[in-house]
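Asks: Below is the file model30.cif, which contains mmCIF, C-alpha atoms.
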```cif
data_coords
#
loop_
_atom_site.label_atom_id
_atom_site.label_comp_id
_atom_site.auth_asym_id
_atom_site.auth_seq_id
_atom_site.Cartn_x
_atom_site.Cartn_y
_atom_site.Cartn_z
CA MET X 30 3.78 -7.61 18.93
CA LYS X 31 5.98 -5.16 20.67
CA PHE X 32 8.29 -2.99 18.69
CA ILE X 33 10.87 -0.55 19.94
CA ALA X 34 9.85 2.97 19.01
CA GLY X 35 12.23 4.16 16.36
CA ALA X 36 10.88 7.34 14.86
CA VAL X 37 13.07 10.34 15.47
CA LEU X 38 13.91 13.46 13.52
CA LEU X 39 17.26 13.08 11.79
CA CYS X 40 19.70 15.94 12.36
CA LEU X 41 20.33 17.74 9.10
CA ALA X 42 23.08 19.96 10.45
CA SER X 43 26.09 18.55 8.68
CA ALA X 44 26.74 17.32 5.17
CA GLY X 45 29.50 15.17 6.63
CA ALA X 46 27.00 13.24 8.71
CA HIS X 47 24.90 12.55 5.63
CA ALA X 48 27.92 11.29 3.71
CA ALA X 49 28.04 8.37 6.13
CA THR X 50 24.29 7.80 6.16
CA VAL X 51 22.25 5.49 3.96
CA VAL X 52 19.18 7.56 3.07
CA ALA X 53 15.95 5.81 2.16
CA GLY X 54 12.17 6.08 2.33
CA GLY X 55 8.92 5.31 0.59
CA ALA X 56 6.36 2.65 1.46
CA THR X 57 4.68 2.83 4.86
CA LEU X 58 3.37 -0.75 4.80
CA PRO X 59 6.77 -2.41 5.49
CA ALA X 60 8.16 0.51 7.56
CA VAL X 61 7.55 -1.30 10.87
CA GLY X 62 9.51 -4.28 9.55
CA TYR X 63 12.31 -2.18 8.11
CA ALA X 64 12.72 0.32 10.94
CA GLY X 65 10.55 -0.64 13.93
CA PHE X 66 7.29 0.73 15.22
CA GLY X 67 7.38 4.48 15.69
CA THR X 68 5.22 7.52 16.28
CA SER X 69 3.52 9.80 13.79
CA SER X 70 6.93 11.20 12.83
CA ARG X 71 7.78 10.17 9.29
CA LEU X 72 11.58 10.09 9.51
CA MET X 73 12.73 6.93 11.28
CA THR X 74 16.01 5.54 12.56
CA PRO X 75 15.94 1.74 12.79
CA SER X 76 15.32 -0.02 16.10
CA ALA X 77 17.75 -2.76 17.11
CA THR X 78 15.54 -5.70 16.13
CA SER X 79 14.21 -4.27 12.86
CA TYR X 80 15.59 -5.38 9.50
CA LEU X 81 17.63 -2.22 8.91
CA GLY X 82 18.72 -2.16 12.55
CA VAL X 83 19.99 -5.72 12.30
CA TYR X 84 21.75 -4.88 9.03
CA SER X 85 23.37 -1.82 10.62
CA ALA X 86 24.67 -3.81 13.59
CA ALA X 87 26.19 -6.39 11.24
CA HIS X 88 27.95 -3.73 9.13
CA SER X 89 29.96 -1.50 11.47
CA SER X 90 26.85 0.32 12.72
CA VAL X 91 26.26 2.12 9.42
CA SER X 92 23.72 4.90 9.91
CA ILE X 93 20.43 4.40 8.07
CA SER X 94 17.33 6.60 7.90
CA TYR X 95 13.91 5.72 6.47
CA CYS X 96 11.27 8.35 5.63
CA GLN X 97 7.67 7.16 5.35
CA THR X 98 6.32 8.97 2.29
CA GLY X 99 4.13 6.29 0.75
CA SER X 100 5.05 4.22 -2.28
CA GLY X 101 4.08 6.76 -4.92
CA ALA X 102 6.14 9.60 -3.44
CA GLY X 103 9.01 7.19 -2.73
CA LYS X 104 9.26 6.23 -6.39
CA ASN X 105 9.07 9.89 -7.37
CA VAL X 106 11.92 10.78 -5.02
CA LEU X 107 14.00 7.94 -6.49
CA ALA X 108 13.31 9.35 -9.95
CA ASN X 109 13.81 13.00 -8.91
CA PHE X 110 10.45 13.49 -10.61
CA ASN X 111 8.43 16.70 -10.40
CA GLY X 112 10.60 18.23 -7.68
CA ASN X 113 10.35 15.19 -5.38
CA ASN X 114 14.07 15.13 -4.62
CA VAL X 115 16.15 13.75 -1.82
CA ALA X 116 17.42 17.15 -0.63
CA ILE X 117 14.00 18.17 0.72
CA ALA X 118 13.67 17.46 4.44
CA CYS X 119 11.25 14.74 5.56
CA VAL X 120 9.16 17.03 7.76
CA VAL X 121 5.41 16.79 8.24
CA PRO X 122 3.78 19.80 9.94
CA SER X 123 0.48 17.93 10.28
CA PRO X 124 -0.70 14.34 9.74
CA SER X 125 -2.50 15.29 6.53
CA THR X 126 0.58 16.79 4.90
CA ASN X 127 2.50 14.54 2.53
CA PRO X 128 6.30 14.61 2.87
CA VAL X 129 8.04 14.92 -0.49
CA GLY X 130 11.71 14.25 0.28
CA PHE X 131 14.08 12.26 2.44
CA GLY X 132 16.22 14.97 4.00
CA GLY X 133 19.43 13.87 2.29
CA THR X 134 21.23 17.20 2.09
CA GLY X 135 24.18 16.94 -0.30
CA LEU X 136 22.81 13.85 -2.07
CA THR X 137 21.52 13.79 -5.62
CA GLN X 138 19.51 10.60 -5.12
CA PRO X 139 18.41 8.32 -2.29
CA HIS X 140 20.24 5.05 -1.82
CA PHE X 141 17.07 2.94 -1.98
CA VAL X 142 13.30 3.16 -1.55
CA GLY X 143 10.48 0.83 -0.58
CA SER X 144 7.33 0.42 -2.65
CA ASP X 145 4.33 -1.90 -2.37
CA SER X 146 3.28 -1.05 -5.92
CA PRO X 147 5.78 -2.21 -8.55
CA LEU X 148 7.16 0.16 -11.14
CA SER X 149 4.62 1.15 -13.76
CA THR X 150 5.25 2.38 -17.27
CA GLY X 151 4.80 5.92 -15.98
CA ASP X 152 7.20 5.36 -13.05
CA TYR X 153 9.86 3.96 -15.38
CA ASN X 154 9.52 6.88 -17.77
CA ASN X 155 9.66 9.33 -14.84
CA TYR X 156 12.93 7.74 -13.75
CA GLN X 157 14.44 7.93 -17.21
CA ASN X 158 13.38 11.57 -17.58
CA GLY X 159 14.38 12.62 -14.07
CA ARG X 160 17.89 11.14 -14.04
CA THR X 161 20.87 12.56 -15.87
CA ASP X 162 23.67 10.24 -14.69
CA THR X 163 25.25 8.06 -17.39
CA GLY X 164 23.97 4.47 -17.52
CA HIS X 165 21.13 5.11 -15.11
CA GLN X 166 18.21 2.74 -14.63
CA PRO X 167 16.11 1.66 -11.65
CA VAL X 168 16.71 -1.67 -9.91
CA GLN X 169 13.75 -3.48 -8.34
CA VAL X 170 13.58 -6.64 -6.22
CA PRO X 171 10.63 -8.07 -4.22
CA ALA X 172 11.46 -7.93 -0.51
CA VAL X 173 8.59 -8.79 1.87
CA SER X 174 4.87 -9.44 1.94
CA GLY X 175 2.38 -7.84 4.28
CA ALA X 176 -1.19 -8.37 5.45
CA ILE X 177 -3.57 -5.46 4.91
CA SER X 178 -5.93 -5.17 7.86
CA ILE X 179 -9.47 -3.84 7.89
CA ALA X 180 -9.54 -1.65 11.00
CA TYR X 181 -12.78 -0.32 12.47
CA ASN X 182 -14.06 1.67 15.43
CA GLN X 183 -17.41 0.69 16.88
CA PRO X 184 -17.53 0.32 20.70
CA ASN X 185 -20.72 -1.79 20.62
CA ILE X 186 -19.00 -4.44 18.50
CA THR X 187 -16.62 -6.99 20.02
CA ALA X 188 -15.90 -8.88 16.79
CA LEU X 189 -16.37 -8.21 13.08
CA LYS X 190 -16.05 -11.34 10.93
CA LEU X 191 -16.37 -10.26 7.32
CA ASN X 192 -16.71 -12.32 4.17
CA GLU X 193 -15.62 -11.19 0.71
CA ASP X 194 -19.13 -10.15 -0.33
CA GLN X 195 -19.41 -7.82 2.66
CA LEU X 196 -15.93 -6.42 1.98
CA CYS X 197 -16.87 -5.60 -1.61
CA ARG X 198 -20.13 -3.99 -0.57
CA ILE X 199 -18.57 -1.84 2.18
CA PHE X 200 -15.83 -0.41 -0.03
CA SER X 201 -18.25 0.11 -2.92
CA GLY X 202 -20.69 1.98 -0.66
CA ASP X 203 -23.43 -0.59 -1.19
CA ILE X 204 -23.40 -1.28 2.56
CA LYS X 205 -23.59 2.22 4.05
CA THR X 206 -24.77 1.67 7.63
CA TRP X 207 -23.73 -0.58 10.49
CA ASN X 208 -27.23 -2.05 10.80
CA ASP X 209 -27.50 -3.09 7.14
CA SER X 210 -29.05 -6.56 7.18
CA ARG X 211 -26.26 -7.83 4.91
CA LEU X 212 -23.63 -6.84 7.49
CA THR X 213 -25.24 -7.81 10.80
CA SER X 214 -24.34 -11.49 10.38
CA ALA X 215 -20.68 -10.49 10.69
CA ILE X 216 -21.18 -8.58 13.95
CA THR X 217 -20.78 -9.82 17.52
CA LEU X 218 -22.19 -7.27 19.97
CA LYS X 219 -21.05 -6.29 23.42
CA SER X 220 -23.53 -7.57 25.98
CA GLY X 221 -26.47 -5.23 26.50
CA THR X 222 -25.87 -3.16 23.35
CA THR X 223 -27.53 -2.95 19.95
CA VAL X 224 -26.21 -2.58 16.44
CA PRO X 225 -25.65 1.11 15.70
CA THR X 226 -27.91 2.64 13.08
CA THR X 227 -25.34 5.23 12.03
CA GLY X 228 -23.53 5.45 8.72
CA ILE X 229 -20.11 3.92 8.02
CA ASN X 230 -17.30 6.41 7.52
CA VAL X 231 -14.73 4.89 5.13
CA VAL X 232 -11.14 6.02 5.77
CA TYR X 233 -8.78 5.68 2.82
CA ARG X 234 -5.29 6.73 1.78
CA ALA X 235 -4.88 10.25 0.43
CA ASP X 236 -1.35 9.62 -0.85
CA GLY X 237 -0.07 7.30 -3.56
CA SER X 238 0.10 4.00 -1.73
CA GLY X 239 1.13 0.42 -2.36
CA THR X 240 -1.36 -0.50 0.36
CA SER X 241 -4.12 0.97 -1.81
CA PHE X 242 -2.65 -0.81 -4.84
CA SER X 243 -2.76 -4.16 -3.05
CA LEU X 244 -6.23 -3.68 -1.55
CA SER X 245 -7.58 -2.71 -4.96
CA ASN X 246 -5.68 -5.64 -6.50
CA HIS X 247 -7.71 -7.87 -4.18
CA LEU X 248 -11.00 -6.04 -4.75
CA THR X 249 -10.72 -6.29 -8.53
CA ALA X 250 -10.16 -10.04 -8.15
CA LYS X 251 -13.03 -10.64 -5.71
CA CYS X 252 -15.66 -8.06 -6.64
CA GLY X 253 -17.57 -8.20 -9.88
CA THR X 254 -18.30 -11.04 -12.27
CA ALA X 255 -15.89 -13.96 -12.55
CA SER X 256 -16.29 -14.12 -16.32
CA VAL X 257 -14.98 -10.55 -16.50
CA VAL X 258 -12.22 -10.40 -13.87
CA ASP X 259 -10.89 -13.88 -14.65
CA PRO X 260 -12.30 -14.87 -18.05
CA THR X 261 -9.97 -17.84 -18.56
CA GLY X 262 -10.13 -19.09 -14.98
CA ALA X 263 -6.33 -19.22 -14.94
CA ASN X 264 -6.05 -17.33 -11.65
CA GLY X 265 -8.94 -19.00 -9.83
CA PHE X 266 -10.65 -15.75 -8.85
CA HIS X 267 -13.96 -16.32 -7.07
CA ALA X 268 -15.77 -13.06 -7.81
CA ASN X 269 -19.02 -12.23 -6.01
CA GLY X 270 -21.04 -10.55 -8.76
CA ALA X 271 -21.16 -7.17 -6.98
CA ALA X 272 -19.15 -3.96 -7.38
CA PRO X 273 -17.50 -4.64 -10.76
CA ASN X 274 -16.01 -1.18 -11.25
CA PHE X 275 -12.97 -1.13 -8.96
CA LYS X 276 -9.61 -0.47 -10.62
CA THR X 277 -6.18 -1.65 -9.45
CA ASP X 278 -4.31 1.55 -8.69
CA GLN X 279 -2.00 3.03 -6.04
CA ALA X 280 -4.37 6.01 -5.71
CA PHE X 281 -7.50 4.89 -3.88
CA ALA X 282 -9.42 7.86 -5.27
CA THR X 283 -8.78 6.34 -8.70
CA ALA X 284 -9.25 2.72 -7.64
CA ALA X 285 -12.68 3.45 -6.13
CA ALA X 286 -13.63 6.45 -8.27
CA ALA X 287 -16.93 4.78 -9.18
CA TYR X 288 -17.89 4.34 -5.53
CA ILE X 289 -16.56 7.01 -3.17
CA ALA X 290 -19.61 9.21 -3.78
CA ASN X 291 -21.77 6.29 -2.57
CA TYR X 292 -20.24 6.25 0.94
CA SER X 293 -22.28 7.54 3.83
CA SER X 294 -19.15 9.59 4.60
CA SER X 295 -15.43 9.30 4.02
CA THR X 296 -12.08 10.56 5.29
CA ALA X 297 -8.77 10.69 3.41
CA ALA X 298 -5.58 10.31 5.47
CA SER X 299 -1.87 10.16 4.65
CA GLY X 300 0.15 7.04 5.43
CA ASN X 301 -0.85 3.75 7.02
CA GLN X 302 -0.47 5.25 10.48
CA GLY X 303 -2.55 8.24 9.44
CA VAL X 304 -5.40 5.94 8.39
CA VAL X 305 -5.17 3.98 11.66
CA ASP X 306 -5.08 7.18 13.73
CA ALA X 307 -8.20 8.43 11.93
CA VAL X 308 -10.02 5.14 12.60
CA VAL X 309 -8.96 4.92 16.24
CA GLY X 310 -9.94 8.55 16.80
CA THR X 311 -13.40 8.44 15.20
CA THR X 312 -16.31 6.16 16.12
CA GLY X 313 -18.13 4.59 13.18
CA THR X 314 -15.14 4.31 10.86
CA ILE X 315 -13.71 1.51 8.73
CA GLY X 316 -10.34 1.77 6.99
CA TYR X 317 -7.45 -0.31 5.69
CA ALA X 318 -3.80 -0.34 6.76
CA GLU X 319 -0.80 -2.60 7.30
CA ALA X 320 -1.60 -5.05 10.10
CA ALA X 321 1.28 -4.02 12.38
CA ASN X 322 0.11 -0.41 12.44
CA SER X 323 -3.40 -1.49 13.41
CA VAL X 324 -2.26 -3.90 16.10
CA ASN X 325 0.25 -1.58 17.71
CA SER X 326 -2.25 1.28 17.78
CA GLY X 327 -4.86 -0.82 19.55
CA ALA X 328 -7.36 -0.61 16.70
CA GLN X 329 -10.25 -3.03 16.39
CA ILE X 330 -9.44 -5.38 13.52
CA ALA X 331 -11.85 -7.42 11.42
CA SER X 332 -11.14 -11.00 10.45
CA LEU X 333 -11.81 -11.95 6.84
CA LYS X 334 -12.98 -15.23 5.36
CA ASN X 335 -10.77 -16.63 2.64
CA ASP X 336 -13.39 -18.19 0.40
CA VAL X 337 -10.78 -20.33 -1.35
CA ASP X 338 -10.01 -22.41 1.76
CA SER X 339 -13.00 -21.19 3.87
CA SER X 340 -10.79 -20.03 6.76
CA GLN X 341 -11.77 -17.00 8.88
CA THR X 342 -8.46 -15.36 9.64
CA SER X 343 -7.11 -12.30 11.44
CA PRO X 344 -4.26 -10.35 9.78
CA ALA X 345 -2.56 -10.06 13.19
CA THR X 346 -1.36 -13.67 12.88
CA TYR X 347 0.24 -13.15 9.46
CA GLY X 348 3.94 -13.69 8.88
CA GLY X 349 4.75 -17.19 10.03
CA THR X 350 4.99 -18.62 6.53
CA LYS X 351 7.02 -17.07 3.74
CA LEU X 352 4.89 -16.08 0.79
CA PRO X 353 6.06 -18.02 -2.31
CA VAL X 354 6.39 -15.77 -5.37
CA ALA X 355 7.74 -16.13 -8.89
CA THR X 356 9.46 -13.16 -10.50
CA THR X 357 9.50 -11.96 -14.08
CA ASP X 358 12.32 -9.79 -15.43
CA ASP X 359 12.07 -6.44 -17.17
CA MET X 360 8.34 -5.90 -17.01
CA VAL X 361 6.27 -3.13 -15.45
CA ILE X 362 2.61 -2.40 -14.75
CA SER X 363 0.90 -1.33 -17.96
CA ALA X 364 -0.83 2.05 -18.22
CA THR X 365 -3.79 0.13 -19.65
CA LEU X 366 -5.87 -1.98 -17.28
CA GLY X 367 -7.24 -5.36 -18.24
CA ALA X 368 -10.75 -6.75 -17.91
CA GLY X 369 -12.41 -5.94 -14.61
CA GLY X 370 -9.87 -3.23 -13.79
CA ARG X 371 -7.06 -5.73 -13.35
CA ALA X 372 -3.40 -4.68 -13.50
CA LEU X 373 -1.44 -6.08 -16.45
CA LEU X 374 2.28 -6.52 -16.97
CA THR X 375 3.99 -5.11 -20.05
CA GLY X 376 7.56 -4.79 -21.26
CA LEU X 377 9.84 -1.92 -20.27
CA PRO X 378 9.10 1.20 -22.33
CA SER X 379 12.75 1.44 -23.37
CA THR X 380 15.67 -0.96 -23.66
CA PRO X 381 17.43 -1.34 -20.30
CA VAL X 382 21.15 -0.69 -19.93
CA VAL X 383 21.43 -4.04 -18.16
CA ALA X 384 18.71 -6.66 -18.54
CA GLY X 385 17.26 -8.54 -15.57
CA CYS X 386 17.45 -5.71 -13.03
CA VAL X 387 13.72 -4.94 -12.77
CA LYS X 388 12.11 -7.98 -11.15
CA VAL X 389 8.36 -8.03 -10.66
CA VAL X 390 5.72 -10.37 -9.24
CA ASP X 391 2.52 -10.49 -11.29
CA PRO X 392 -0.16 -8.93 -9.00
CA ALA X 393 -2.64 -11.54 -10.19
CA LYS X 394 -0.55 -14.23 -8.49
CA TYR X 395 -1.12 -12.90 -4.97
CA ALA X 396 -4.52 -11.22 -5.40
CA THR X 397 -6.32 -14.21 -3.87
CA PRO X 398 -4.02 -16.42 -1.75
CA ALA X 399 -5.02 -20.09 -1.68
CA ALA X 400 -4.94 -20.21 2.12
CA GLY X 401 -4.92 -17.94 5.14
CA TYR X 402 -5.54 -14.22 5.33
CA PRO X 403 -6.62 -13.10 1.85
CA ILE X 404 -5.52 -9.44 1.44
CA VAL X 405 -1.76 -9.26 1.02
CA ALA X 406 0.80 -6.98 -0.56
CA VAL X 407 4.19 -7.71 -2.08
CA SER X 408 6.61 -4.92 -1.20
CA TYR X 409 9.73 -4.11 -3.21
CA LEU X 410 13.10 -2.51 -2.58
CA LEU X 411 14.24 -0.23 -5.38
CA GLY X 412 17.69 1.19 -5.96
CA ASN X 413 19.79 2.94 -8.57
CA ARG X 414 22.12 1.20 -10.97
CA THR X 415 24.55 4.14 -10.91
CA GLY X 416 25.51 6.87 -8.47
CA ASN X 417 25.81 4.66 -5.39
CA GLY X 418 29.31 5.89 -4.60
CA THR X 419 30.66 5.01 -1.15
CA GLN X 420 27.41 3.27 -0.21
CA LEU X 421 27.59 0.71 -3.03
CA ALA X 422 28.25 -2.24 -0.72
CA ASN X 423 25.45 -1.21 1.65
CA VAL X 424 22.92 -0.76 -1.15
CA LYS X 425 23.70 -4.24 -2.46
CA GLY X 426 23.69 -5.66 1.05
CA ILE X 427 20.32 -4.16 1.96
CA LEU X 428 18.64 -5.15 -1.31
CA LEU X 429 19.94 -8.72 -1.08
CA GLY X 430 19.83 -9.10 2.70
CA VAL X 431 16.11 -9.87 2.70
CA TYR X 432 17.07 -13.23 1.16
CA ASP X 433 19.67 -14.10 3.82
CA ALA X 434 17.96 -17.03 5.49
CA THR X 435 21.05 -18.53 7.14
CA PRO X 436 19.75 -20.25 10.32
CA THR X 437 20.31 -18.24 13.53
CA THR X 438 22.94 -15.94 11.99
CA GLY X 439 21.22 -14.60 8.85
CA LEU X 440 19.43 -11.25 8.65
CA GLN X 441 16.06 -13.01 8.44
CA ALA X 442 16.69 -14.97 11.62
CA LYS X 443 17.82 -11.89 13.57
CA THR X 444 15.00 -9.62 12.41
CA LYS X 445 12.11 -9.70 14.89
CA THR X 446 9.83 -7.15 13.21
CA ILE X 447 9.15 -9.44 10.23
CA GLY X 448 7.82 -12.95 10.76
CA THR X 449 5.27 -14.78 12.91
CA ASN X 450 2.48 -12.54 14.24
CA THR X 451 4.00 -9.32 12.90
CA GLY X 452 1.76 -8.80 9.85
CA LEU X 453 4.82 -9.07 7.58
CA SER X 454 6.69 -12.02 6.10
CA PHE X 455 9.83 -12.58 4.10
CA LEU X 456 9.42 -14.12 0.65
CA SER X 457 10.31 -17.43 -0.91
CA VAL X 458 11.41 -16.21 -4.34
CA SER X 459 11.76 -18.25 -7.53
CA PRO X 460 14.13 -18.05 -9.26
CA ALA X 461 16.45 -17.21 -6.38
CA ILE X 462 18.00 -13.73 -6.40
CA SER X 463 21.63 -14.16 -5.41
CA SER X 464 23.53 -11.31 -7.04
CA LEU X 465 23.08 -7.72 -8.19
CA ASP X 466 26.66 -7.23 -9.31
CA THR X 467 25.80 -5.98 -12.80
CA CYS X 468 22.67 -4.13 -11.68
CA VAL X 469 24.10 -1.96 -8.88
CA VAL X 470 27.42 -0.20 -9.54
CA ASN X 471 29.20 3.00 -8.52
#
```
Mind converting the file's structure to structure tokens?

Replies:
Amino acid sequence: MKFIAGAVLLCLASAGAHAATVVAGGATLPAVGYAGFGTSSRLMTPSATSYLGVYSAAHSSVSISYCQTGSGAGKNVLANFNGNNVAIACVVPSPSTNPVGFGGTGLTQPHFVGSDSPLSTGDYNNYQNGRTDTGHQPVQVPAVSGAISIAYNQPNITALKLNEDQLCRIFSGDIKTWNDSRLTSAITLKSGTTVPTTGINVVYRADGSGTSFSLSNHLTAKCGTASVVDPTGANGFHANGAAPNFKTDQAFATAAAAYIANYSSSTAASGNQGVVDAVVGTTGTIGYAEAANSVNSGAQIASLKNDVDSSQTSPATYGGTKLPVATTDDMVISATLGAGGRALLTGLPSTPVVAGCVKVVDPAKYATPAAGYPIVAVSYLLGNRTGNGTQLANVKGILLGVYDATPTTGLQAKTKTIGTNTGLSFLSVSPAISSLDTCVVN
């Protein structure tokens, strides 16, 4: 996978320039698909073959910027919550510093954001409390799916073929060292070397992250006791009996709060690229990140056995088949977790101005895919019902463009950063989303 580098600092010199710019940001997992593969800079302008680049070319070269803040910060910027507003520049002095804004001088809100964790009750309330415009409400549509890779750095190892039991035990700190007898069966050594006896350093996301949400969504489905995590058997979870105390959460420190102290050592890093950089730069590490970031950074990547169909699959091959998903309207992630730390859907905390504008995919439905690579995320595009102004048509076009599957001429066909062997896929959504006319207005 070769992507055109697209990360550049956006000039903030003139309010006039921003008036013509669609300003966005949020999730780092789909950022490669939306804007192209970039550097450690967080503020990106789309490459020609990326989704937003293709959209721009098809719409009079509209200028679009995307700031990689992570899903949690992206939703907070959309809500203007706790000072996370669009007027703050997307500047990161160091890789460990979290950006808190999108650099949209003169704007009161971003035009859209990306998030791999759907709106929660808290997110929805933050939006309602942070916005003052009449008739405001968030709009949410599922956009793409992505494979979450397990990246590692161990020069003696040429292949790491994990199963679900080993995955659970590594991220729960039960397997602490590379030479643990329960891990060695997954290791293929470089000729003439031995399995290292050193501890495993687990690298995880420091910022609020949909990647963490989706990894923990998988861990709560696979780790623990089946009678707890899937008591009715309705979701077909095949739990392993170990590590029952994960929680589904966009903060990994919360998701794995019961286990982080068990690790031999750990490192927290901001953004998918930050995690990959930490893994690539430090021998003995294991971390998780969007597949495209791992591949393009030259990281070693583990394959993972899907114990539903028994396939041993690499996330680098993900994207050739659209992930089928079914949406539910006007529900959010509950503040209360279900059995086994599972995320639950609940109704909106207040009556929406317009019904049917918050569309969500139940996390249980993609926690354990029936075939292929087993750790996947569903990433959303979120916009504002009101306040879109002169960018109304572009906001609608970008939110709906992910469903344009017209052969050869549609946005899906022209986008080369989402699809076969990219780590990202478009979605096959039921029921079809064909209009946002009542959800997105001036």

Asks: Quote the spacing between CA of Phe200 (chain X) and CA of Pro273 (chain X) in Å to one decimal place.

Replies: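 Separation between CA of Phe200 (chain X) and CA of Pro273 (chain X): 11.7 Å.
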
Asks: Could you list the residues chosen by the PyMOL selection byres ((chain X and resi 374-384) around 6) in this structure as JSON, numbers by chain?

Replies: {"X": [359, 360, 361, 362, 363, 373, 385, 386]}

Asks: Could you give me, as a ChimeraX atom specification, the residues within 9 Å of region 390-400 of chain X, counting only C-alpha atoms and dropping anything in the same chain fewer than 3 positions from it?

Replies: /X:147,171,243-244,246-251,264-267,335-340,352,354-357,362,371-374,403-407

Asks: Taking the file as I've supplied it (selection: the PyMOL selection byres ((chain X and resi 105) around 12)), which residues are included? Please answer as a PyMOL selection string.

Replies: chain X and resi 54-56+98-104+106-115+128-131+138-139+141-144+148-149+151-160+167+237+411

Asks: Counting all atoms listed in the file, what is within 8 Å of region 80-96 of chain X, bar same-chain residues fewer than 4 positions away, as a PyMOL selection string?

Replies: chain X and resi 39+49-55+60+62-64+71-76+119+130-131+427+430+440-441+443-447

Asks: Counting all atoms listed in the file, figure out which residue out of X:Thr161, X:Asn274, X:Asn192, X:Thr365 gets nearest to Thr137 (chain X).

Replies: X:Thr161

Asks: Could you list the residues chosen by the PyMOL selection byres ((chain X and resi 220-227) around 7) in this structure as a count of residues only?

Replies: 8

Asks: Counting all atoms listed in the file, which residues sit no farther than 7 Å from the position (11.2, -19.8, -4.9) in the file's frame? I'd like them as a compact mmCIF listing (two decimals) with C-alpha atoms, keeping the file's coordinate frame.

Replies:
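Saved the output as part.txt:
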```
# COMPACT_ATOMS: atom_id res chain seq x y z
CA PRO X 353 6.06 -18.02 -2.31
CA VAL X 354 6.39 -15.77 -5.37
CA ALA X 355 7.74 -16.13 -8.89
CA SER X 457 10.31 -17.43 -0.91
CA VAL X 458 11.41 -16.21 -4.34
CA SER X 459 11.76 -18.25 -7.53
CA PRO X 460 14.13 -18.05 -9.26
CA ALA X 461 16.45 -17.21 -6.38
```

Asks: Nearest residue to Tyr292 (chain X) out of X:Ile199, X:Val304, X:Leu421, X:Cys468, using only C-alpha atoms?

Replies: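 Distance minimum relative to Tyr292 (chain X) lands on X:Ile199.
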
Asks: I'd like the contact shell of Ser343 (chain X) - 12 Å cut-off, only C-alpha atoms, skipping same-chain residues fewer than 3 positions apart - returned as a VMD selection string.

Replies: chain X and resid 176 to 180 188 to 191 320 to 321 323 to 324 329 to 335 340 346 to 348 401 to 404 450 to 452

Asks: Using all atoms listed in the file for the distances, tell me which of X:Gly369, X:Gly133, X:Gly313, X:Gly164 is nearest to Val469 (chain X).

Replies: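 Selected residue with least distance to Val469 (chain X): X:Gly164.
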
Asks: CA of His140 (chain X) and CA of Gln420 (chain X) are how many Å apart?

Replies: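 Separation between CA of His140 (chain X) and CA of Gln420 (chain X): 7.6 Å.
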
Asks: Using all atoms listed in the file, find the one residue out of X:Gln166, X:Ser241, X:Thr254, X:Thr283 that sits nearest to Val387 (chain X).

Replies: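 Comparing X:Gln166, X:Ser241, X:Thr254, X:Thr283 against Val387 (chain X), the winner is X:Gln166.
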